[in-house]
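What follows is the content of target19.cif, which has mmCIF, C-alpha atoms and all ligand atoms:
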```cif
data_target
#
loop_
_atom_site.label_atom_id
_atom_site.label_comp_id
_atom_site.auth_asym_id
_atom_site.auth_seq_id
_atom_site.Cartn_x
_atom_site.Cartn_y
_atom_site.Cartn_z
CA MET A 867 -11.02 86.77 -11.75
CA LEU A 868 -14.15 88.03 -10.10
CA GLY A 869 -16.36 86.34 -12.61
CA ARG A 870 -18.15 89.48 -13.61
CA GLY A 871 -19.27 90.33 -17.10
CA TRP A 872 -21.79 92.16 -19.18
CA HIS A 873 -25.03 90.37 -19.74
CA HIS A 874 -28.30 91.15 -21.35
CA CYS A 875 -30.77 91.92 -18.63
CA LEU A 876 -34.48 91.69 -18.94
CA GLY A 877 -35.09 94.40 -16.43
CA LEU A 878 -36.22 97.95 -16.32
CA CYS A 879 -32.84 99.02 -17.35
CA CYS A 880 -29.82 97.49 -18.79
CA LEU A 881 -27.52 96.84 -16.04
CA LEU A 882 -24.28 95.55 -14.81
CA CYS A 883 -24.67 91.94 -14.11
CA SER A 884 -22.85 88.88 -13.17
CA VAL A 885 -24.13 85.41 -12.68
CA GLY A 886 -24.41 83.87 -9.24
CA ALA A 887 -22.82 86.91 -7.69
CA TRP A 888 -23.40 90.22 -6.09
CA THR A 889 -24.35 92.45 -8.98
CA TYR A 890 -24.47 96.20 -9.51
CA HIS A 891 -27.32 98.02 -11.15
CA TYR A 892 -28.13 101.63 -11.86
CA SER A 893 -31.13 103.63 -12.93
CA ASP A 894 -30.59 104.38 -16.60
CA LYS A 895 -34.03 105.93 -17.19
CA GLY A 896 -34.07 108.68 -14.66
CA ASP A 897 -32.26 110.68 -12.05
CA TYR A 898 -33.53 110.67 -8.51
CA MET A 899 -33.23 112.51 -5.26
CA TRP A 900 -31.39 110.42 -2.71
CA GLU A 901 -34.54 109.10 -0.94
CA GLN A 902 -36.14 108.20 -4.26
CA ALA A 903 -32.93 106.53 -5.37
CA ARG A 904 -32.87 104.40 -2.26
CA ASN A 905 -36.49 103.51 -2.77
CA TYR A 906 -35.72 102.53 -6.38
CA CYS A 907 -32.86 100.29 -5.27
CA GLN A 908 -34.91 98.62 -2.56
CA THR A 909 -37.84 98.10 -4.88
CA PHE A 910 -36.00 96.52 -7.77
CA PHE A 911 -32.81 95.25 -6.16
CA THR A 912 -31.47 94.72 -2.68
CA ASP A 913 -30.30 98.18 -1.63
CA MET A 914 -28.05 101.09 -2.50
CA VAL A 915 -24.40 100.26 -2.97
CA ALA A 916 -22.24 100.23 0.12
CA ILE A 917 -18.66 100.63 -1.07
CA GLN A 918 -16.43 98.05 0.52
CA ASN A 919 -12.95 98.49 -0.86
CA GLN A 920 -10.73 100.00 -3.58
CA GLU A 921 -11.21 97.05 -5.85
CA GLU A 922 -14.94 97.63 -5.83
CA ILE A 923 -14.49 101.35 -6.46
CA GLN A 924 -12.21 100.68 -9.41
CA TYR A 925 -14.64 98.17 -10.77
CA LEU A 926 -17.52 100.66 -10.62
CA ASN A 927 -15.41 103.45 -12.12
CA ARG A 928 -14.40 101.16 -14.95
CA SER A 929 -17.80 99.67 -15.63
CA LEU A 930 -20.36 102.46 -15.21
CA PRO A 931 -20.95 105.09 -17.86
CA TYR A 932 -20.08 108.72 -17.19
CA HIS A 933 -23.05 110.77 -16.04
CA LYS A 934 -22.67 114.48 -15.41
CA SER A 935 -24.54 114.48 -12.08
CA TYR A 936 -22.88 111.20 -10.99
CA TYR A 937 -24.35 108.46 -8.79
CA TRP A 938 -25.80 108.25 -5.30
CA ILE A 939 -24.41 105.63 -2.90
CA GLY A 940 -25.85 104.23 0.30
CA LEU A 941 -24.02 106.54 2.66
CA ARG A 942 -25.68 109.44 4.45
CA LYS A 943 -25.37 111.59 7.52
CA LEU A 944 -27.64 110.43 10.32
CA ASP A 945 -27.54 112.41 13.56
CA GLY A 946 -24.29 113.94 12.39
CA VAL A 947 -22.60 110.57 11.70
CA TRP A 948 -21.82 109.22 8.22
CA THR A 949 -23.69 105.93 8.17
CA TRP A 950 -24.02 103.06 5.69
CA VAL A 951 -27.78 102.93 5.42
CA GLY A 952 -27.99 99.23 4.53
CA THR A 953 -26.25 98.01 7.66
CA ARG A 954 -26.74 101.16 9.81
CA LYS A 955 -23.04 100.96 10.58
CA ALA A 956 -20.98 104.12 10.94
CA LEU A 957 -18.37 104.84 8.28
CA THR A 958 -14.97 103.83 9.59
CA LYS A 959 -11.83 105.92 9.03
CA GLU A 960 -10.22 103.12 6.99
CA ALA A 961 -13.17 102.91 4.64
CA GLU A 962 -13.30 106.64 3.93
CA ASN A 963 -12.80 107.60 0.32
CA TRP A 964 -13.58 111.30 0.20
CA ALA A 965 -12.45 113.47 -2.67
CA GLN A 966 -9.96 116.18 -1.85
CA GLY A 967 -11.55 118.87 0.33
CA GLU A 968 -14.64 116.73 1.01
CA PRO A 969 -16.87 116.36 2.86
CA ASN A 970 -17.18 120.12 2.88
CA ASN A 971 -20.89 120.39 3.77
CA ARG A 972 -21.25 123.51 1.68
CA ARG A 973 -24.29 125.55 2.73
CA SER A 974 -24.65 123.11 5.63
CA ASN A 975 -27.10 120.90 3.77
CA GLN A 976 -24.87 118.21 2.28
CA ASP A 977 -26.07 115.07 4.02
CA CYS A 978 -25.93 112.55 1.14
CA VAL A 979 -23.00 111.07 -0.78
CA GLU A 980 -22.26 110.71 -4.46
CA ILE A 981 -19.46 108.81 -6.14
CA TYR A 982 -17.52 110.49 -8.96
CA ILE A 983 -17.61 107.92 -11.71
CA ARG A 984 -15.19 108.66 -14.56
CA ARG A 985 -14.69 112.23 -13.43
CA PRO A 986 -11.60 113.77 -15.01
CA GLN A 987 -10.16 114.35 -11.52
CA GLN A 988 -10.82 112.43 -8.31
CA ALA A 989 -12.52 109.57 -10.14
CA GLY A 990 -13.99 107.00 -7.75
CA LYS A 991 -13.94 109.44 -4.82
CA TRP A 992 -16.90 110.61 -2.76
CA ASN A 993 -18.49 114.00 -2.31
CA ASP A 994 -21.22 115.11 0.08
CA GLU A 995 -24.18 116.67 -1.68
CA PRO A 996 -27.65 117.98 -0.81
CA CYS A 997 -30.00 114.99 -0.74
CA THR A 998 -32.46 116.76 -3.05
CA ARG A 999 -30.05 116.81 -6.01
CA ARG A 1000 -30.96 114.38 -8.79
CA LYS A 1001 -28.49 111.65 -9.65
CA LYS A 1002 -28.48 108.06 -10.80
CA ALA A 1003 -29.29 105.40 -8.26
CA LEU A 1004 -26.44 102.94 -7.80
CA CYS A 1005 -27.85 99.68 -6.48
CA TYR A 1006 -26.67 96.17 -5.82
CA LEU A 1007 -28.47 92.88 -5.88
CA ALA A 1008 -27.29 90.46 -3.25
CA SER A 1009 -26.03 87.08 -4.37
CA CYS A 1010 -27.23 85.35 -1.26
CA GLN A 1011 -30.71 84.00 -1.63
CA PRO A 1012 -32.96 82.57 1.06
CA PHE A 1013 -31.96 79.02 0.15
CA SER A 1014 -28.27 79.70 -0.33
CA CYS A 1015 -25.88 77.53 1.70
CA SER A 1016 -28.65 74.90 1.95
CA GLN A 1017 -29.91 76.92 4.92
CA ARG A 1018 -27.17 75.21 6.90
CA GLY A 1019 -24.81 78.14 7.08
CA GLU A 1020 -24.38 81.90 6.91
CA CYS A 1021 -24.29 83.31 3.43
CA VAL A 1022 -21.65 86.02 3.18
CA GLU A 1023 -21.72 88.43 0.27
CA THR A 1024 -18.43 88.95 -1.52
CA ILE A 1025 -17.72 91.25 -4.42
CA GLY A 1026 -17.96 88.71 -7.18
CA SER A 1027 -19.99 86.08 -5.45
CA TYR A 1028 -20.85 84.75 -2.04
CA ARG A 1029 -19.39 82.25 0.30
CA CYS A 1030 -20.97 79.99 2.89
CA GLU A 1031 -19.90 79.80 6.48
CA CYS A 1032 -21.39 76.47 7.39
CA TYR A 1033 -22.84 75.80 10.80
CA PRO A 1034 -21.09 73.09 12.85
CA GLY A 1035 -21.86 69.66 11.47
CA PHE A 1036 -22.04 70.75 7.83
CA HIS A 1037 -19.46 71.33 5.13
CA GLY A 1038 -19.06 71.79 1.39
CA PRO A 1039 -19.33 74.92 -0.77
CA GLU A 1040 -23.09 75.05 -0.21
CA CYS A 1041 -22.95 73.32 3.18
CA GLU A 1042 -24.54 70.42 1.34
CA HIS A 1043 -22.57 67.74 3.16
CA VAL A 1044 -23.25 66.58 6.66
CA VAL A 1045 -20.68 65.22 9.09
CA GLN A 1046 -20.74 61.44 9.40
CA CYS A 1047 -20.07 59.48 12.56
CA ALA A 1048 -19.13 55.81 12.66
CA LYS A 1049 -22.07 53.46 12.18
CA LEU A 1050 -23.08 51.94 15.48
CA GLU A 1051 -23.64 48.19 15.62
CA PRO A 1052 -23.67 47.31 19.29
CA GLN A 1053 -23.84 43.65 20.27
CA GLY A 1054 -26.38 42.52 22.83
CA VAL A 1055 -27.73 46.02 23.27
CA SER A 1056 -31.01 47.29 21.94
CA MET A 1057 -30.68 50.60 20.08
CA TYR A 1058 -33.19 53.11 18.83
CA CYS A 1059 -31.87 55.95 16.67
CA SER A 1060 -33.27 59.05 15.04
CA HIS A 1061 -31.38 60.56 12.11
CA PRO A 1062 -32.43 64.14 11.32
CA TYR A 1063 -29.82 64.65 8.56
CA GLY A 1064 -28.89 61.13 7.44
CA ASP A 1065 -27.87 57.77 8.82
CA PHE A 1066 -25.42 58.12 11.69
CA SER A 1067 -24.77 61.75 10.76
CA TYR A 1068 -24.52 65.00 12.64
CA ASN A 1069 -27.15 65.22 15.39
CA SER A 1070 -28.25 61.61 14.96
CA THR A 1071 -29.15 60.39 18.42
CA CYS A 1072 -29.26 56.79 19.57
CA GLU A 1073 -30.85 55.52 22.76
CA PHE A 1074 -29.74 52.26 24.28
CA GLY A 1075 -31.54 49.69 26.35
CA CYS A 1076 -30.83 46.27 27.76
CA HIS A 1077 -32.88 43.12 27.76
CA GLU A 1078 -34.51 41.87 30.96
CA GLY A 1079 -31.99 40.79 33.55
CA PHE A 1080 -29.27 42.98 32.10
CA GLU A 1081 -28.14 46.40 33.12
CA ARG A 1082 -26.51 49.14 31.05
CA ARG A 1083 -22.93 50.21 31.63
CA GLY A 1084 -22.39 53.61 30.01
CA ALA A 1085 -24.44 56.41 28.52
CA ALA A 1086 -28.13 55.95 27.75
CA VAL A 1087 -28.05 58.32 24.75
CA LEU A 1088 -25.29 59.08 22.23
CA ARG A 1089 -25.27 62.05 19.85
CA CYS A 1090 -23.15 62.45 16.72
CA LEU A 1091 -21.08 65.62 17.24
CA PRO A 1092 -19.71 68.05 14.62
CA SER A 1093 -16.27 66.52 15.32
CA GLN A 1094 -17.49 63.25 13.74
CA GLU A 1095 -17.27 61.64 17.17
CA TRP A 1096 -20.05 60.18 19.22
CA SER A 1097 -20.70 62.01 22.47
CA ALA A 1098 -19.74 58.88 24.47
CA ASN A 1099 -18.67 55.29 24.00
CA THR A 1100 -21.32 52.75 23.10
CA PRO A 1101 -22.72 51.28 26.30
CA THR A 1102 -22.72 47.57 27.06
CA CYS A 1103 -25.28 45.39 28.78
CA THR A 1104 -24.14 43.01 31.49
CA ALA A 1105 -26.20 40.42 33.29
CA ILE A 1106 -27.37 41.59 36.68
CA THR A 1107 -25.24 39.91 39.35
CA CYS A 1108 -26.74 38.13 42.34
CA PRO A 1109 -25.18 37.24 45.67
CA VAL A 1110 -22.88 34.22 45.51
CA LEU A 1111 -24.62 31.09 46.82
CA SER A 1112 -22.98 28.29 48.68
CA ALA A 1113 -23.86 24.68 49.28
CA PRO A 1114 -25.82 23.82 52.43
CA ALA A 1115 -23.98 22.05 55.25
CA GLN A 1116 -23.74 18.34 54.46
CA GLY A 1117 -24.81 19.12 50.98
CA GLU A 1118 -23.63 20.05 47.53
CA MET A 1119 -24.44 22.67 45.01
CA HIS A 1120 -24.11 22.49 41.25
CA CYS A 1121 -24.65 25.65 39.29
CA SER A 1122 -24.94 26.45 35.63
CA HIS A 1123 -24.12 29.99 34.63
CA LEU A 1124 -25.64 31.23 31.43
CA HIS A 1125 -24.15 34.75 31.36
CA GLY A 1126 -21.60 34.77 34.17
CA GLU A 1127 -20.92 33.57 37.68
CA PHE A 1128 -24.04 34.02 39.81
CA THR A 1129 -25.78 36.40 37.44
CA PHE A 1130 -29.11 36.60 35.74
CA GLY A 1131 -29.78 33.19 34.14
CA SER A 1132 -27.73 31.18 36.63
CA THR A 1133 -29.37 28.11 38.14
CA CYS A 1134 -28.11 26.25 41.18
CA ALA A 1135 -29.26 22.77 42.16
CA PHE A 1136 -28.82 21.43 45.67
CA SER A 1137 -28.37 17.93 47.01
CA CYS A 1138 -27.43 16.39 50.31
CA GLN A 1139 -24.86 13.83 51.27
CA LYS A 1140 -26.09 10.37 51.87
CA GLY A 1141 -28.02 10.13 55.07
CA PHE A 1142 -29.31 13.65 54.80
CA ALA A 1143 -32.49 14.90 53.35
CA LEU A 1144 -32.97 18.10 51.55
CA VAL A 1145 -35.43 20.42 53.17
CA GLY A 1146 -36.51 23.18 50.86
CA LEU A 1147 -36.16 23.85 47.14
CA GLN A 1148 -34.02 21.62 45.00
CA SER A 1149 -32.89 24.52 42.89
CA ARG A 1150 -32.80 28.25 42.82
CA GLU A 1151 -32.81 30.42 39.77
CA SER A 1152 -31.58 33.94 39.23
CA THR A 1153 -34.12 36.17 37.56
CA GLY A 1154 -32.26 39.26 38.70
CA SER A 1155 -32.54 38.02 42.26
CA TRP A 1156 -32.65 34.46 43.57
CA THR A 1157 -35.89 32.57 43.77
CA GLY A 1158 -36.66 31.00 47.16
CA ASN A 1159 -34.15 30.30 49.90
CA THR A 1160 -31.22 27.95 50.08
CA PRO A 1161 -32.41 24.57 51.35
CA HIS A 1162 -30.69 22.76 54.12
CA CYS A 1163 -29.84 19.14 54.74
CA GLU A 1164 -31.29 17.30 57.68
CA GLY A 1165 -30.05 14.07 59.09
CA ARG A 1166 -32.61 11.39 58.48
CA VAL A 1167 -33.62 9.07 61.31
CA LEU A 1168 -34.67 5.62 60.14
CA SER A 1169 -37.78 4.56 61.95
CA MET A 1170 -38.59 0.93 62.73
CA GLY A 1171 -40.88 0.84 59.80
CA CYS A 1172 -37.94 1.82 57.70
CA SER A 1173 -40.08 3.72 55.35
CA LEU A 1174 -37.61 5.01 52.85
CA GLU A 1175 -38.58 8.11 51.07
CA ASP A 1176 -36.50 7.14 48.16
CA PRO A 1177 -36.37 3.42 47.62
CA LEU A 1178 -33.78 3.79 44.87
CA ASP A 1179 -31.43 5.59 47.18
CA PRO A 1180 -31.39 3.65 50.38
CA VAL A 1181 -30.16 5.67 53.27
CA VAL A 1182 -27.85 4.20 55.79
CA SER A 1183 -28.75 5.24 59.21
CA THR A 1184 -26.00 6.79 61.19
CA VAL A 1185 -27.98 6.51 64.36
C1 LIG A 1201 -11.65 105.81 -13.27
O1 LIG A 1201 -11.92 105.79 -14.67
C2 LIG A 1201 -11.21 106.76 -15.42
C3 LIG A 1201 -11.73 106.74 -16.82
O2 LIG A 1201 -11.93 105.44 -17.30
C4 LIG A 1201 -9.74 106.44 -15.32
O3 LIG A 1201 -8.99 107.40 -16.03
C5 LIG A 1201 -9.30 106.49 -13.86
O4 LIG A 1201 -7.96 106.10 -13.72
C6 LIG A 1201 -10.18 105.57 -13.03
N1 LIG A 1201 -9.88 105.78 -11.62
C7 LIG A 1201 -9.94 104.81 -10.71
C8 LIG A 1201 -9.68 105.21 -9.32
O5 LIG A 1201 -10.23 103.67 -11.00
C1 LIG A 1202 -28.47 69.65 17.04
O1 LIG A 1202 -28.87 69.19 18.30
C2 LIG A 1202 -28.72 70.15 19.33
C3 LIG A 1202 -29.01 69.48 20.66
O2 LIG A 1202 -30.23 68.80 20.62
C4 LIG A 1202 -29.62 71.33 19.03
O3 LIG A 1202 -29.48 72.30 20.03
C5 LIG A 1202 -29.24 71.91 17.70
O4 LIG A 1202 -30.12 72.95 17.36
C6 LIG A 1202 -29.26 70.86 16.61
N1 LIG A 1202 -28.70 71.45 15.43
C7 LIG A 1202 -29.22 71.30 14.23
C8 LIG A 1202 -28.58 72.05 13.13
O5 LIG A 1202 -30.16 70.57 14.02
CA CA A 1203 -19.43 118.51 -1.01
#
```
Would you mind writing the file's structure down as structure tokens?
Ligand SMILES: *[C@@H]1O[C@H](CO)[C@@H](O)[C@H](O)[C@H]1NC(C)=O
Ligand SMILES: *[C@@H]1O[C@H](CO)[C@@H](O)[C@H](O)[C@H]1NC(C)=O
Ligand SMILES: [Ca+2]
Amino acid sequence: MLGRGWHHCLGLCCLLCSVGAWTYHYSDKGDYMWEQARNYCQTFFTDMVAIQNQEEIQYLNRSLPYHKSYYWIGLRKLDGVWTWVGTRKALTKEAENWAQGEPNNRRSNQDCVEIYIRRPQQAGKWNDEPCTRRKKALCYLASCQPFSCSQRGECVETIGSYRCECYPGFHGPECEHVVQCAKLEPQGVSMYCSHPYGDFSYNSTCEFGCHEGFERRGAAVLRCLPSQEWSANTPTCTAITCPVLSAPAQGEMHCSHLHGEFTFGSTCAFSCQKGFALVGLQSRESTGSWTGNTPHCEGRVLSMGCSLEDPLDPVVSTV
């Protein structure tokens, strides 16, 4: 179930192995004092074994050969406290696995811990021993490697293997997948996106802009969140509105609205009733604001010479 097995190892020693998993190893050539044993483990493997649970103890007891001086583990007394040397964490009451009557600290110099492998009594239990005794080094090699979990999650060692705790935005056994957000295809809005992990994926950011004469309604920047949602709704661009114009007195106004009533792109043309002359611009345009001023209509007085400004549009004098 744990995927462990015996394998041929091309190492210094033939060892307990398993593939793609946390593996146990021991020094089959020599016996070492505790410090030397730790050094051996750290040199050739990851560190000395830190016993995690009964299952692990049973596994070691079942798999390792009997050795009369037994095996060192990575537990030792530091400032009077039993400490797992790999993590520097104190031994908890629940994790204790002492043999009967241990730790007895006989002759007050028993600061290191051995595990009784295949001992006729108390097999799998611990005993405190002087650190200068010579025993086999019991080491483990971590399954987690620097590139495990695609470097997008925490790699957590387990007995037979490892598991990935992916950072937000990533998923999959090796955190190989990235969260996808909906593809953005805004209309009439200019968009510039950067995609650090893939198109419209986690942490993609899109900036929005509007064409001249238009203004943005909504967020300027959207980010794809771990929840697969965008951080805000897509903004829209609306034509800038201008003040409403009205026809001059005695005149008329005809407007064309490209994008909306009296907005950017609107054009208004002015004319006067018969008998009145337009003074000022014939049309005004919205380029975000209105060009010019509204013209006005002036009553036209016909002189004796009757010089008509517009011969095609004779003006009847009201005078
Ligand atoms: C340890 O191994 C011995 C010998 O194989 C066995 O008799 C004993 O039950 C085992 N103890 C534990 C705790 O696994
Ligand atoms: C995602 O973006 C946020 C905000 O810019 C940043 O703090 C975070 O480190 C990024 N995460 C990854 C995994 O790139
Ligand atoms: Ca003891």
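The nearest approach to Gly1035 (chain A) among the residues A:Cys997, A:Cys1090, A:Ile981, A:Leu926, with only C-alpha atoms taken into account, belongs to A:Cys1090.
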Using all atoms listed in the file, what table do you get, as JSON lines, when you list each residue of chain A with an atom no more than 12 Å from ligand LIG 1202 (chain A), its nearest pair of atoms, and their distance in Å rounded to one decimal, rows by chain then rising number?
```
{"residue": "A:Ser1016", "atom": "CA", "partner": "A:LIG1202", "partner_atom": "C8", "distance": 11.5}
{"residue": "A:Gln1017", "atom": "CA", "partner": "A:LIG1202", "partner_atom": "C8", "distance": 9.6}
{"residue": "A:Arg1018", "atom": "CA", "partner": "A:LIG1202", "partner_atom": "C8", "distance": 7.1}
{"residue": "A:Gly1019", "atom": "CA", "partner": "A:LIG1202", "partner_atom": "C8", "distance": 9.4}
{"residue": "A:Cys1032", "atom": "CA", "partner": "A:LIG1202", "partner_atom": "C8", "distance": 10.2}
{"residue": "A:Tyr1033", "atom": "CA", "partner": "A:LIG1202", "partner_atom": "C8", "distance": 7.2}
{"residue": "A:Pro1034", "atom": "CA", "partner": "A:LIG1202", "partner_atom": "C8", "distance": 7.6}
{"residue": "A:Gly1035", "atom": "CA", "partner": "A:LIG1202", "partner_atom": "C8", "distance": 7.3}
{"residue": "A:Phe1036", "atom": "CA", "partner": "A:LIG1202", "partner_atom": "C8", "distance": 8.5}
{"residue": "A:Cys1041", "atom": "CA", "partner": "A:LIG1202", "partner_atom": "C8", "distance": 11.5}
{"residue": "A:Val1044", "atom": "CA", "partner": "A:LIG1202", "partner_atom": "C8", "distance": 10.0}
{"residue": "A:Val1045", "atom": "CA", "partner": "A:LIG1202", "partner_atom": "C8", "distance": 11.2}
{"residue": "A:Ser1060", "atom": "CA", "partner": "A:LIG1202", "partner_atom": "O1", "distance": 11.5}
{"residue": "A:His1061", "atom": "CA", "partner": "A:LIG1202", "partner_atom": "O5", "distance": 10.3}
{"residue": "A:Pro1062", "atom": "CA", "partner": "A:LIG1202", "partner_atom": "O5", "distance": 7.3}
{"residue": "A:Tyr1063", "atom": "CA", "partner": "A:LIG1202", "partner_atom": "O5", "distance": 8.1}
{"residue": "A:Gly1064", "atom": "CA", "partner": "A:LIG1202", "partner_atom": "O5", "distance": 11.6}
{"residue": "A:Ser1067", "atom": "CA", "partner": "A:LIG1202", "partner_atom": "C1", "distance": 10.7}
{"residue": "A:Tyr1068", "atom": "CA", "partner": "A:LIG1202", "partner_atom": "C1", "distance": 7.5}
{"residue": "A:Asn1069", "atom": "CA", "partner": "A:LIG1202", "partner_atom": "C1", "distance": 4.9}
{"residue": "A:Ser1070", "atom": "CA", "partner": "A:LIG1202", "partner_atom": "O1", "distance": 8.3}
{"residue": "A:Thr1071", "atom": "CA", "partner": "A:LIG1202", "partner_atom": "O2", "distance": 8.8}
{"residue": "A:Val1087", "atom": "CA", "partner": "A:LIG1202", "partner_atom": "O2", "distance": 11.5}
{"residue": "A:Leu1088", "atom": "CA", "partner": "A:LIG1202", "partner_atom": "O2", "distance": 11.0}
{"residue": "A:Arg1089", "atom": "CA", "partner": "A:LIG1202", "partner_atom": "O1", "distance": 8.1}
{"residue": "A:Cys1090", "atom": "CA", "partner": "A:LIG1202", "partner_atom": "C1", "distance": 9.0}
{"residue": "A:Leu1091", "atom": "CA", "partner": "A:LIG1202", "partner_atom": "C1", "distance": 8.4}
{"residue": "A:Pro1092", "atom": "CA", "partner": "A:LIG1202", "partner_atom": "C1", "distance": 9.2}
{"residue": "A:Ser1097", "atom": "CA", "partner": "A:LIG1202", "partner_atom": "C3", "distance": 11.3}
```
Item to complete: Please extract the residues at most 6 Å from ligand LIG 1201 (chain A), counting only C-alpha atoms and all ligand atoms, and provide them as a list in words, using the chain letters and residue numbers of this document.
Response: Gln924, Asn927, Arg928, Arg984, Ala989 and Gly990 of chain A
Discussion item. Could you list, as a VMD selection string, all protein and nucleic acid residues with an atom at most 10 Å from ligand CA 1203 (chain A), counting all atoms listed in the file?
Written reply: chain A and resid 964 to 980 992 to 996
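Our summary of the geometry notes that CA of Thr998 (chain A) is positioned 26.9 Å from CA of Tyr925 (chain A).
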Worksheet item: Got a sec to check which residues sit within 10 Å of (-33.7, 20.5, 51.5), counting all atoms listed in the file, and write them as JSON, numbers by chain?
Response: {"A": [1114, 1117, 1136, 1137, 1138, 1142, 1143, 1144, 1145, 1146, 1147, 1148, 1149, 1159, 1160, 1161, 1162, 1163, 1164]}
How about saving the chosen residues, C-alpha atoms kept, as a CSV table (one decimal), keeping the file's coordinate frame?
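What follows is the written file selection.csv:
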```csv
chain,number,residue,atom,x,y,z
A,1114,PRO,CA,-25.8,23.8,52.4
A,1117,GLY,CA,-24.8,19.1,51.0
A,1136,PHE,CA,-28.8,21.4,45.7
A,1137,SER,CA,-28.4,17.9,47.0
A,1138,CYS,CA,-27.4,16.4,50.3
A,1142,PHE,CA,-29.3,13.6,54.8
A,1143,ALA,CA,-32.5,14.9,53.4
A,1144,LEU,CA,-33.0,18.1,51.6
A,1145,VAL,CA,-35.4,20.4,53.2
A,1146,GLY,CA,-36.5,23.2,50.9
A,1147,LEU,CA,-36.2,23.8,47.1
A,1148,GLN,CA,-34.0,21.6,45.0
A,1149,SER,CA,-32.9,24.5,42.9
A,1159,ASN,CA,-34.2,30.3,49.9
A,1160,THR,CA,-31.2,28.0,50.1
A,1161,PRO,CA,-32.4,24.6,51.4
A,1162,HIS,CA,-30.7,22.8,54.1
A,1163,CYS,CA,-29.8,19.1,54.7
A,1164,GLU,CA,-31.3,17.3,57.7
```
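As for CA of Cys1108 (chain A) and CA of Gly1154 (chain A), they are spaced 6.7 Å apart.
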Sorted by chain and rising residue number, which residues of region 976-1026 of chain A lie within 8 Å of region 891-901 of chain A, and what are their closest atom pairs and distances in Å to one decimal, counting all atoms listed in the file, as a tab-separated table?
```
residue	atom	partner	partner_atom	distance
A:Cys978	CA	A:Trp900	CA	7.0
A:Cys997	CA	A:Trp900	CA	5.2
A:Thr998	CA	A:Met899	CA	4.9
A:Arg999	CA	A:Met899	CA	5.4
A:Arg1000	CA	A:Tyr898	CA	4.5
A:Lys1001	CA	A:Asp897	CA	4.6
A:Lys1002	CA	A:Asp897	CA	4.8
A:Ala1003	CA	A:Ser893	CA	5.3
A:Leu1004	CA	A:Tyr892	CA	4.6
A:Cys1005	CA	A:His891	CA	5.0
A:Tyr1006	CA	A:His891	CA	5.7
A:Leu1007	CA	A:His891	CA	7.5
```
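As for CA of Gln920 (chain A) and CA of Glu1040 (chain A), they are spaced 28.0 Å apart.
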Practice prompt. Would you kindly identify which residues have an atom no farther than 12 Å from (-22.6, 110.9, -18.4), using only C-alpha atoms and the file's own coordinates, and write them out as a PyMOL selection string?
Written response: chain A and resi 894+897+930-937+982-986+1001-1002
Rebuild region 1005-1017 of chain A to N, CA and C atoms - output it as a PDB file, in the frame of the given file, please.
```pdb
ATOM      1  N   CYS A1005     -27.275 100.733  -7.334  1.00  0.00           N
ATOM      2  CA  CYS A1005     -27.850  99.680  -6.480  1.00  0.00           C
ATOM      3  C   CYS A1005     -27.032  98.401  -6.602  1.00  0.00           C
ATOM      4  N   TYR A1006     -27.252  97.506  -5.680  1.00  0.00           N
ATOM      5  CA  TYR A1006     -26.670  96.170  -5.820  1.00  0.00           C
ATOM      6  C   TYR A1006     -27.769  95.150  -5.563  1.00  0.00           C
ATOM      7  N   LEU A1007     -27.566  94.001  -6.135  1.00  0.00           N
ATOM      8  CA  LEU A1007     -28.470  92.880  -5.880  1.00  0.00           C
ATOM      9  C   LEU A1007     -27.624  91.811  -5.201  1.00  0.00           C
ATOM     10  N   ALA A1008     -28.072  91.433  -4.031  1.00  0.00           N
ATOM     11  CA  ALA A1008     -27.290  90.460  -3.250  1.00  0.00           C
ATOM     12  C   ALA A1008     -27.254  89.106  -3.950  1.00  0.00           C
ATOM     13  N   SER A1009     -26.152  88.431  -3.810  1.00  0.00           N
ATOM     14  CA  SER A1009     -26.030  87.080  -4.370  1.00  0.00           C
ATOM     15  C   SER A1009     -26.712  86.063  -3.478  1.00  0.00           C
ATOM     16  N   CYS A1010     -26.659  86.310  -2.201  1.00  0.00           N
ATOM     17  CA  CYS A1010     -27.230  85.350  -1.260  1.00  0.00           C
ATOM     18  C   CYS A1010     -28.741  85.334  -1.411  1.00  0.00           C
ATOM     19  N   GLN A1011     -29.270  84.173  -1.525  1.00  0.00           N
ATOM     20  CA  GLN A1011     -30.710  84.000  -1.630  1.00  0.00           C
ATOM     21  C   GLN A1011     -31.184  83.227  -0.397  1.00  0.00           C
ATOM     22  N   PRO A1012     -32.498  83.245  -0.167  1.00  0.00           N
ATOM     23  CA  PRO A1012     -32.960  82.570   1.060  1.00  0.00           C
ATOM     24  C   PRO A1012     -32.492  81.112   1.188  1.00  0.00           C
ATOM     25  N   PHE A1013     -32.343  80.429   0.051  1.00  0.00           N
ATOM     26  CA  PHE A1013     -31.960  79.020   0.150  1.00  0.00           C
ATOM     27  C   PHE A1013     -30.480  78.785  -0.104  1.00  0.00           C
ATOM     28  N   SER A1014     -29.708  79.863  -0.163  1.00  0.00           N
ATOM     29  CA  SER A1014     -28.270  79.700  -0.330  1.00  0.00           C
ATOM     30  C   SER A1014     -27.700  78.955   0.858  1.00  0.00           C
ATOM     31  N   CYS A1015     -26.590  78.271   0.639  1.00  0.00           N
ATOM     32  CA  CYS A1015     -25.880  77.530   1.700  1.00  0.00           C
ATOM     33  C   CYS A1015     -26.785  76.463   2.307  1.00  0.00           C
ATOM     34  N   SER A1016     -27.751  75.983   1.515  1.00  0.00           N
ATOM     35  CA  SER A1016     -28.650  74.900   1.950  1.00  0.00           C
ATOM     36  C   SER A1016     -29.342  75.214   3.267  1.00  0.00           C
ATOM     37  N   GLN A1017     -29.357  76.482   3.632  1.00  0.00           N
ATOM     38  CA  GLN A1017     -29.910  76.920   4.920  1.00  0.00           C
ATOM     39  C   GLN A1017     -29.197  76.233   6.093  1.00  0.00           C
TER      40      GLN A1017
END
```
